[in-house]
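**Q** One structure, pasted below without further comment.
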Amino acid sequence: MAEDSEWTPRKRVFAALDHKEPDRVPINFAGCLQTTVLESDPNGKACTNLYRYLGIRDYEPPVLGAVGNIVLNMDERVMERFGSDFRVVLPNGGEVRNEADGSKTILGLSCGMRSKRIGYYDDIFDFPLKDCTSIKEIEEYPYWPTEEDYKNLANGKIEEVKRLREETEYVIIDDSYKPYPVLMYAYLCGYEKWLIDMKLNPDFYFTLSDKLFEIGLQMVEHWLGPIGEYVDIVSTFDDLGTQNGPIVSHDDYVKFMKPYEKEMIKHIKKYTNAKIYRHCCGSVYEFIPDLIEIGVNILNPVQPLAKNMEPWRLKKEFGNDIVFFGGMDIQQLIYKSTKEIRHGVKELLRVYAPGGGYIAGTSHNIEPDTPPENIVAMYEAVLEYGQYPIQ
């Protein structure tokens with residue numbers, strides 16, 4: 001093994017991606033949109049509370065994404081404290097229009113998604129294409145992205161990404177949101193219509209899906225095209241699982257979704273040699289062979305409490321063929337003791353880490369009401385117990 005001083009974040013991560021053991025398990029904290037902290041006024045200030053707990057007083061106020069309360073400007077001092085080997089790059093977003101009723105309409109490549117505060121979160125609540133049934137209505141929908149929206153994606157961003165690549169040793173993730181067509185279909189039409197259209201109106205389903213998929217292809221061309229040589233990992237998205245099983249059958253996945261995913265990855269590979277990481281929540285066990293087949297290198301967030309997603313099962317069956325990224329449970333992080341959290345991290349690393357092929361991260365974003373001491377305990381445990389060889 002090389003001396004610690006020889007290991008950089010990029011060397012460490014790529015050793016793990018090659019299923020080799022570096023000096024320690026790579027860590028992703030806030031280095032993508034699925035391993036950061038959520039913030040919600042007035043009682044869900046997990047990010048602000050974490051800063052104060054760590055004694056950081058001169059922090060920038062958290063900047064939140066338009067959906068999901070994701071903190072986009074995590075303080076570098078916290079990322080370094082937790083050993084994060086990754087940094088995220090994002091394209092320019094579309095205009096967020098504030099409506100009179102307090103809701104938001106998200107324009108540009110979000111295609112008029114509608115969100116408002118629901119409990120702790122700003123979340124999707126209304127579906128502008130829920131009554132759409134014809135090709136004519138698809139064509140006349142007023143919120144499709146314009147050519148200017150595509151051109152704006154990389155405006156002012158290329159030098160930022162290039163500088164990050166040339167001046168740091170961090171692994172750079174392009175985590176631009178690419179939920180085309182599947183998740184965007186559900187966001188615009190509602191999950192019920194998305195599922196029903198597959199079965200009862202497949203011609204319409206494929207027409208709308210093709211439209212959404214073309215938006216995704218254009219996004220990759222206009223955003224990833226200019227920066228592809230500077231990024232190490234590129235994300236793809238589409239949630240396929242619930243806590244207790246898949247959202248759709250395997251047969252329906254193969255017919256209605258897999259061809260789009262396969263073509264999207266091929267399109268991404270036109271512009272970059274980066275590894276492909278796939279974000280897919282919930283119980284997705286039965287889809288993992290398909291994801292490997294179509295070129296996914298890294299699976300996130302490997303939610304450990306979902307059905308058939310136990311770390312031992314995934315490592316045993318797929319550990320030689322795909323890298324697991326995530327797995328540190330956030331569903332119980334809110335109320336477990338720091339002792340229990342440390343023990344849980346130790347056991348997770350004991351299963352996932354041997355032989356490489358694992359990146360430590362949370363099983364999704366850290367919830368707004370999570371105690372800061374629990375967050376610190378989790379990442380301190382990774383740094384302590386994630387040294388190779390794993391004990």
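A note on labels: chains of the structure tokens are A, B, ... as shown, every chain counts residues from 1, and ligands are counted from 1 in their shown order.
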Within 12 Å of Ser249 (chain A), counting only C-alpha atoms, which residues qualify if same-chain residues fewer than 6 places away don't, as an mmCIF file with C-alpha atoms, in the first residue's frame?

**A**
data_model
loop_
_atom_site.group_PDB
_atom_site.id
_atom_site.type_symbol
_atom_site.label_atom_id
_atom_site.label_comp_id
_atom_site.auth_asym_id
_atom_site.auth_seq_id
_atom_site.Cartn_x
_atom_site.Cartn_y
_atom_site.Cartn_z
ATOM 1 C CA LEU A 195 -48.292 4.131 -14.617
ATOM 2 C CA MET A 198 -48.043 2.535 -19.919
ATOM 3 C CA LYS A 199 -50.834 -0.017 -19.821
ATOM 4 C CA LEU A 240 -37.643 2.683 -9.620
ATOM 5 C CA GLY A 241 -38.203 1.461 -6.072
ATOM 6 C CA LYS A 255 -40.285 -2.496 -22.207
ATOM 7 C CA PHE A 256 -40.965 1.058 -21.114
ATOM 8 C CA MET A 257 -37.781 2.372 -19.455
ATOM 9 C CA SER A 283 -35.836 -1.590 -3.524
ATOM 10 C CA VAL A 284 -34.172 -1.967 -6.937
ATOM 11 C CA TYR A 285 -32.545 -5.347 -6.388
ATOM 12 C CA GLU A 286 -34.099 -7.007 -9.421
ATOM 13 C CA PHE A 287 -33.013 -4.223 -11.760
#

**Q** Name the residues in contact with Ile233 (chain A) at a cut-off of 9 Å, using only C-alpha atoms, excluding same-chain residues fewer than 2 positions from it; report them as a ChimeraX atom specification.

**A** /A:171-175,231,235,273-277

**Q** So that I have them on file, write out the residues from the current selection with N, CA and C atoms, as a compact mmCIF listing (two decimals), in the first residue's frame.

**A**
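Resulting contents of selection_5.txt:
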# COMPACT_ATOMS: atom_id res chain seq x y z
N VAL A 171 -12.50 14.48 -6.96
CA VAL A 171 -13.25 13.82 -8.03
C VAL A 171 -14.46 14.69 -8.35
N ILE A 172 -14.65 14.99 -9.62
CA ILE A 172 -15.70 15.93 -10.03
C ILE A 172 -16.89 15.15 -10.57
N ILE A 173 -18.04 15.39 -9.97
CA ILE A 173 -19.28 14.75 -10.39
C ILE A 173 -20.15 15.78 -11.12
N ASP A 174 -20.51 15.45 -12.34
CA ASP A 174 -21.59 16.18 -13.00
C ASP A 174 -22.89 15.60 -12.49
N ASP A 175 -23.56 16.34 -11.63
CA ASP A 175 -24.80 15.85 -11.03
C ASP A 175 -26.00 16.61 -11.57
N VAL A 231 -14.83 16.19 -16.18
CA VAL A 231 -15.56 15.51 -15.11
C VAL A 231 -15.16 14.05 -15.04
N SER A 235 -23.91 11.62 -13.49
CA SER A 235 -25.08 11.00 -12.87
C SER A 235 -26.20 10.79 -13.88
N ASN A 273 -15.50 10.40 -21.03
CA ASN A 273 -15.07 9.06 -20.63
C ASN A 273 -15.39 8.80 -19.16
N ALA A 274 -16.17 9.67 -18.56
CA ALA A 274 -16.49 9.56 -17.14
C ALA A 274 -17.27 8.28 -16.83
N LYS A 275 -17.15 7.86 -15.57
CA LYS A 275 -17.94 6.75 -15.07
C LYS A 275 -19.40 7.19 -14.93
N ILE A 276 -20.31 6.23 -15.01
CA ILE A 276 -21.74 6.51 -14.90
C ILE A 276 -22.24 6.07 -13.53
N TYR A 277 -22.80 7.01 -12.80
CA TYR A 277 -23.47 6.61 -11.55
C TYR A 277 -24.96 6.82 -11.69

**Q** From a DSSP calculation on the backbone, collect every residue of region 181-327 of chain A in alpha helix (DSSP H) and output the set as a PyMOL selection string.

**A** chain A and resi 182-189+191-200+202-219+225-227+250-256+258-268+288-293+311-318

**Q** Okay, now the selection with C-alpha atoms, as a PDB file, in the first residue's frame?

**A**
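Result file part.pdb:
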ATOM      1  CA  VAL A 182     -39.258   8.517 -16.651  1.00  0.00           C
ATOM      2  CA  LEU A 183     -39.197  10.672 -13.536  1.00  0.00           C
ATOM      3  CA  MET A 184     -40.018  13.845 -15.452  1.00  0.00           C
ATOM      4  CA  TYR A 185     -43.078  12.090 -16.893  1.00  0.00           C
ATOM      5  CA  ALA A 186     -44.269  11.429 -13.344  1.00  0.00           C
ATOM      6  CA  TYR A 187     -43.448  14.974 -12.231  1.00  0.00           C
ATOM      7  CA  LEU A 188     -45.467  16.524 -15.038  1.00  0.00           C
ATOM      8  CA  CYS A 189     -48.335  14.033 -15.230  1.00  0.00           C
ATOM      9  CA  TYR A 191     -47.393   8.952 -10.856  1.00  0.00           C
ATOM     10  CA  GLU A 192     -50.879   7.523 -11.394  1.00  0.00           C
ATOM     11  CA  LYS A 193     -51.124   8.771 -14.970  1.00  0.00           C
ATOM     12  CA  TRP A 194     -47.556   7.702 -15.717  1.00  0.00           C
ATOM     13  CA  LEU A 195     -48.292   4.131 -14.617  1.00  0.00           C
ATOM     14  CA  ILE A 196     -51.737   3.970 -16.231  1.00  0.00           C
ATOM     15  CA  ASP A 197     -50.537   5.387 -19.558  1.00  0.00           C
ATOM     16  CA  MET A 198     -48.043   2.535 -19.919  1.00  0.00           C
ATOM     17  CA  LYS A 199     -50.834  -0.017 -19.821  1.00  0.00           C
ATOM     18  CA  LEU A 200     -53.857   1.743 -21.277  1.00  0.00           C
ATOM     19  CA  PRO A 202     -48.929   3.099 -24.708  1.00  0.00           C
ATOM     20  CA  ASP A 203     -48.880   5.135 -27.933  1.00  0.00           C
ATOM     21  CA  PHE A 204     -49.341   8.319 -25.935  1.00  0.00           C
ATOM     22  CA  TYR A 205     -46.828   7.101 -23.353  1.00  0.00           C
ATOM     23  CA  PHE A 206     -44.096   6.637 -25.941  1.00  0.00           C
ATOM     24  CA  THR A 207     -44.916   9.926 -27.687  1.00  0.00           C
ATOM     25  CA  LEU A 208     -44.562  11.934 -24.499  1.00  0.00           C
ATOM     26  CA  SER A 209     -41.570   9.887 -23.369  1.00  0.00           C
ATOM     27  CA  ASP A 210     -39.833  10.512 -26.679  1.00  0.00           C
ATOM     28  CA  LYS A 211     -40.430  14.249 -26.251  1.00  0.00           C
ATOM     29  CA  LEU A 212     -38.972  14.214 -22.742  1.00  0.00           C
ATOM     30  CA  PHE A 213     -36.091  12.010 -23.791  1.00  0.00           C
ATOM     31  CA  GLU A 214     -35.152  14.458 -26.531  1.00  0.00           C
ATOM     32  CA  ILE A 215     -34.933  17.177 -23.867  1.00  0.00           C
ATOM     33  CA  GLY A 216     -32.529  14.966 -21.940  1.00  0.00           C
ATOM     34  CA  LEU A 217     -30.388  14.393 -25.014  1.00  0.00           C
ATOM     35  CA  GLN A 218     -30.247  18.130 -25.682  1.00  0.00           C
ATOM     36  CA  MET A 219     -29.294  18.764 -22.064  1.00  0.00           C
ATOM     37  CA  GLY A 225     -20.567  18.582 -24.242  1.00  0.00           C
ATOM     38  CA  PRO A 226     -18.515  21.623 -23.141  1.00  0.00           C
ATOM     39  CA  ILE A 227     -17.356  20.135 -19.801  1.00  0.00           C
ATOM     40  CA  HIS A 250     -39.322  -6.100 -14.368  1.00  0.00           C
ATOM     41  CA  ASP A 251     -41.086  -6.772 -17.667  1.00  0.00           C
ATOM     42  CA  ASP A 252     -42.491  -3.240 -17.732  1.00  0.00           C
ATOM     43  CA  TYR A 253     -39.089  -1.804 -16.895  1.00  0.00           C
ATOM     44  CA  VAL A 254     -37.540  -3.653 -19.832  1.00  0.00           C
ATOM     45  CA  LYS A 255     -40.285  -2.496 -22.207  1.00  0.00           C
ATOM     46  CA  PHE A 256     -40.965   1.058 -21.114  1.00  0.00           C
ATOM     47  CA  LYS A 258     -34.624   0.378 -20.078  1.00  0.00           C
ATOM     48  CA  PRO A 259     -34.292   1.315 -23.776  1.00  0.00           C
ATOM     49  CA  TYR A 260     -34.275   5.006 -22.876  1.00  0.00           C
ATOM     50  CA  GLU A 261     -31.676   4.494 -20.144  1.00  0.00           C
ATOM     51  CA  LYS A 262     -29.446   2.511 -22.465  1.00  0.00           C
ATOM     52  CA  GLU A 263     -29.586   5.196 -25.150  1.00  0.00           C
ATOM     53  CA  MET A 264     -28.990   7.970 -22.615  1.00  0.00           C
ATOM     54  CA  ILE A 265     -25.789   6.327 -21.407  1.00  0.00           C
ATOM     55  CA  LYS A 266     -24.625   5.857 -25.006  1.00  0.00           C
ATOM     56  CA  HIS A 267     -25.320   9.546 -25.631  1.00  0.00           C
ATOM     57  CA  ILE A 268     -23.404  10.602 -22.513  1.00  0.00           C
ATOM     58  CA  ILE A 288     -29.318  -4.288 -10.836  1.00  0.00           C
ATOM     59  CA  PRO A 289     -28.319  -6.834 -13.529  1.00  0.00           C
ATOM     60  CA  ASP A 290     -29.999  -4.620 -16.128  1.00  0.00           C
ATOM     61  CA  LEU A 291     -28.172  -1.535 -14.898  1.00  0.00           C
ATOM     62  CA  ILE A 292     -24.859  -3.357 -15.090  1.00  0.00           C
ATOM     63  CA  GLU A 293     -25.713  -4.546 -18.594  1.00  0.00           C
ATOM     64  CA  PRO A 311     -25.519  -4.829   2.180  1.00  0.00           C
ATOM     65  CA  TRP A 312     -24.451  -8.483   2.482  1.00  0.00           C
ATOM     66  CA  ARG A 313     -26.833  -9.468  -0.312  1.00  0.00           C
ATOM     67  CA  LEU A 314     -25.710  -6.747  -2.721  1.00  0.00           C
ATOM     68  CA  LYS A 315     -22.001  -7.258  -2.025  1.00  0.00           C
ATOM     69  CA  LYS A 316     -22.263 -11.012  -2.435  1.00  0.00           C
ATOM     70  CA  GLU A 317     -24.285 -11.004  -5.642  1.00  0.00           C
ATOM     71  CA  PHE A 318     -23.070  -7.897  -7.467  1.00  0.00           C
TER      72      PHE A 318
END

**Q** Using the chain letters and numbers from this document, which residues of region 210-300 of chain A does DSSP assign to strand (DSSP E or B), as a PyMOL selection string?

**A** chain A and resi 233-237+241+246+275-279+298-300

**Q** Quick one: distance from CA of Asp239 (chain A) to CA of Arg350 (chain A) in Å, one decimal?

**A**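 CA of Arg350 (chain A) lies 27.5 Å from CA of Asp239 (chain A).
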
**Q** Find the spatial neighbours of Lys104 (chain A), counting only C-alpha atoms, within a cut-off of 7 Å - ignore same-chain residues fewer than 4 positions away - and output them as a list of chain:residue names.

**A**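 With the cut-off at 7 Å, the set is A:Val96, A:Arg97, A:Asn98, A:Glu99, A:Arg114, A:Ser115, A:Lys116.
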
**Q** For the residues in that selection, give me C-alpha atoms as a PDB file, in the first residue's frame.

**A**
ATOM      1  CA  VAL A  96     -38.261  29.880 -10.754  1.00  0.00           C
ATOM      2  CA  ARG A  97     -41.508  31.816 -10.952  1.00  0.00           C
ATOM      3  CA  ASN A  98     -43.159  32.605  -7.625  1.00  0.00           C
ATOM      4  CA  GLU A  99     -46.933  32.351  -7.877  1.00  0.00           C
ATOM      5  CA  ARG A 114     -44.934  22.877  -9.826  1.00  0.00           C
ATOM      6  CA  SER A 115     -43.809  22.895  -6.194  1.00  0.00           C
ATOM      7  CA  LYS A 116     -44.892  24.262  -2.839  1.00  0.00           C
TER       8      LYS A 116
END

**Q** Residues at most 7 Å from Asn365 (chain A), counting only C-alpha atoms, excluding those fewer than 3 positions away in the same chain, as JSON, numbers by chain?

**A** {"A": [34, 35, 36, 37, 38, 362]}

**Q** For Tyr352 (chain A), which of A:Glu21, A:Glu340, A:Glu6, A:Glu147 is the closest residue, counting only C-alpha atoms?

**A**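 Checking each candidate against Tyr352 (chain A), we get A:Glu21 as the closest.
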
**Q** Please indicate the distance in Å from CA of Asn43 (chain A) to CA of Thr370 (chain A), rounded to one decimal place.

**A**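 Separating CA of Asn43 (chain A) from CA of Thr370 (chain A) is a distance of 10.6 Å.
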
**Q** Which residues come within 6 Å of Tyr358 (chain A), counting only C-alpha atoms, excluding same-chain residues fewer than 2 positions away, as a compact mmCIF listing (two decimals) with C-alpha atoms, in the first residue's frame?

**A**
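This is the output file out-v1.txt:
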# COMPACT_ATOMS: atom_id res chain seq x y z
CA VAL A 323 -19.58 -0.09 -7.25
CA PHE A 324 -21.93 0.67 -4.36
CA PHE A 325 -22.22 4.28 -3.26
CA ALA A 353 -15.52 -2.06 1.99
CA GLY A 356 -12.78 -1.82 -2.72

**Q** Just the residues within 8 Å of region 77-89 of chain A, please, counting only C-alpha atoms, with nothing from its chain fewer than 3 positions along; format it as a ChimeraX atom specification.

**A** /A:9-10,13,26-33,51,74,161,170-176,376,379-380,383

**Q** Can you spit out the residues from that selection as a CSV table (one decimal), in the first residue's frame, using C-alpha atoms?

**A**
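Final file, result35.csv:
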chain,number,residue,atom,x,y,z
A,9,PRO,CA,-9.0,12.0,-3.5
A,10,ARG,CA,-8.9,11.2,-7.2
A,13,VAL,CA,-11.7,7.0,-5.6
A,26,PRO,CA,-13.7,7.1,-0.2
A,27,ILE,CA,-16.3,9.5,1.2
A,28,ASN,CA,-18.9,11.6,-0.5
A,29,PHE,CA,-20.4,14.2,1.8
A,30,ALA,CA,-22.2,17.0,-0.2
A,31,GLY,CA,-20.2,16.0,-3.3
A,32,CYS,CA,-23.5,15.3,-5.1
A,33,LEU,CA,-27.1,16.2,-4.7
A,51,TYR,CA,-22.4,24.6,11.4
A,74,MET,CA,-22.3,23.3,1.8
A,161,VAL,CA,-15.4,23.4,-13.9
A,170,TYR,CA,-11.1,16.2,-6.0
A,171,VAL,CA,-13.2,13.8,-8.0
A,172,ILE,CA,-15.7,15.9,-10.0
A,173,ILE,CA,-19.3,14.8,-10.4
A,174,ASP,CA,-21.6,16.2,-13.0
A,175,ASP,CA,-24.8,15.8,-11.0
A,176,SER,CA,-27.1,17.7,-13.4
A,376,VAL,CA,-20.7,14.1,13.1
A,379,TYR,CA,-18.7,10.6,9.4
A,380,GLU,CA,-16.2,10.4,12.2
A,383,LEU,CA,-12.9,8.1,9.0

**Q** Write out as a PyMOL selection string each polymer residue whose atoms come within 6 Å of Tyr388 (chain A), counting only C-alpha atoms; drop sequence neighbours fewer than 2 positions from it.

**A** chain A and resi 23-24+390

**Q** Please produce a file of those selected residues containing N, CA and C atoms, as a short mmCIF file (atom, residue, chain, number, x, y, z; two decimals), in the first residue's frame.

**A**
data_model
loop_
_atom_site.label_atom_id
_atom_site.label_comp_id
_atom_site.auth_asym_id
_atom_site.auth_seq_id
_atom_site.Cartn_x
_atom_site.Cartn_y
_atom_site.Cartn_z
N ASP A 23 -6.05 3.81 0.65
CA ASP A 23 -5.69 4.00 2.05
C ASP A 23 -6.91 3.94 2.96
N ARG A 24 -8.02 4.49 2.48
CA ARG A 24 -9.27 4.44 3.25
C ARG A 24 -10.44 4.44 2.28
N ILE A 390 -9.58 -3.19 6.36
CA ILE A 390 -10.75 -3.09 7.24
C ILE A 390 -10.64 -4.14 8.34
#

**Q** I'd like the interatomic distance between CA of Leu50 (chain A) and CA of Pro372 (chain A), to a tenth of an Å.

**A**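 Between CA of Leu50 (chain A) and CA of Pro372 (chain A) the gap works out to 4.8 Å.
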
**Q** Could you check the closest approach to Lys346 (chain A) for each of A:Leu107, A:Cys132, A:Ile247, A:Ala381 and tell me which residue wins, using only C-alpha atoms?

**A**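 Checking each of A:Leu107, A:Cys132, A:Ile247, A:Ala381 against Lys346 (chain A), counting only C-alpha atoms, the winner is A:Ala381.
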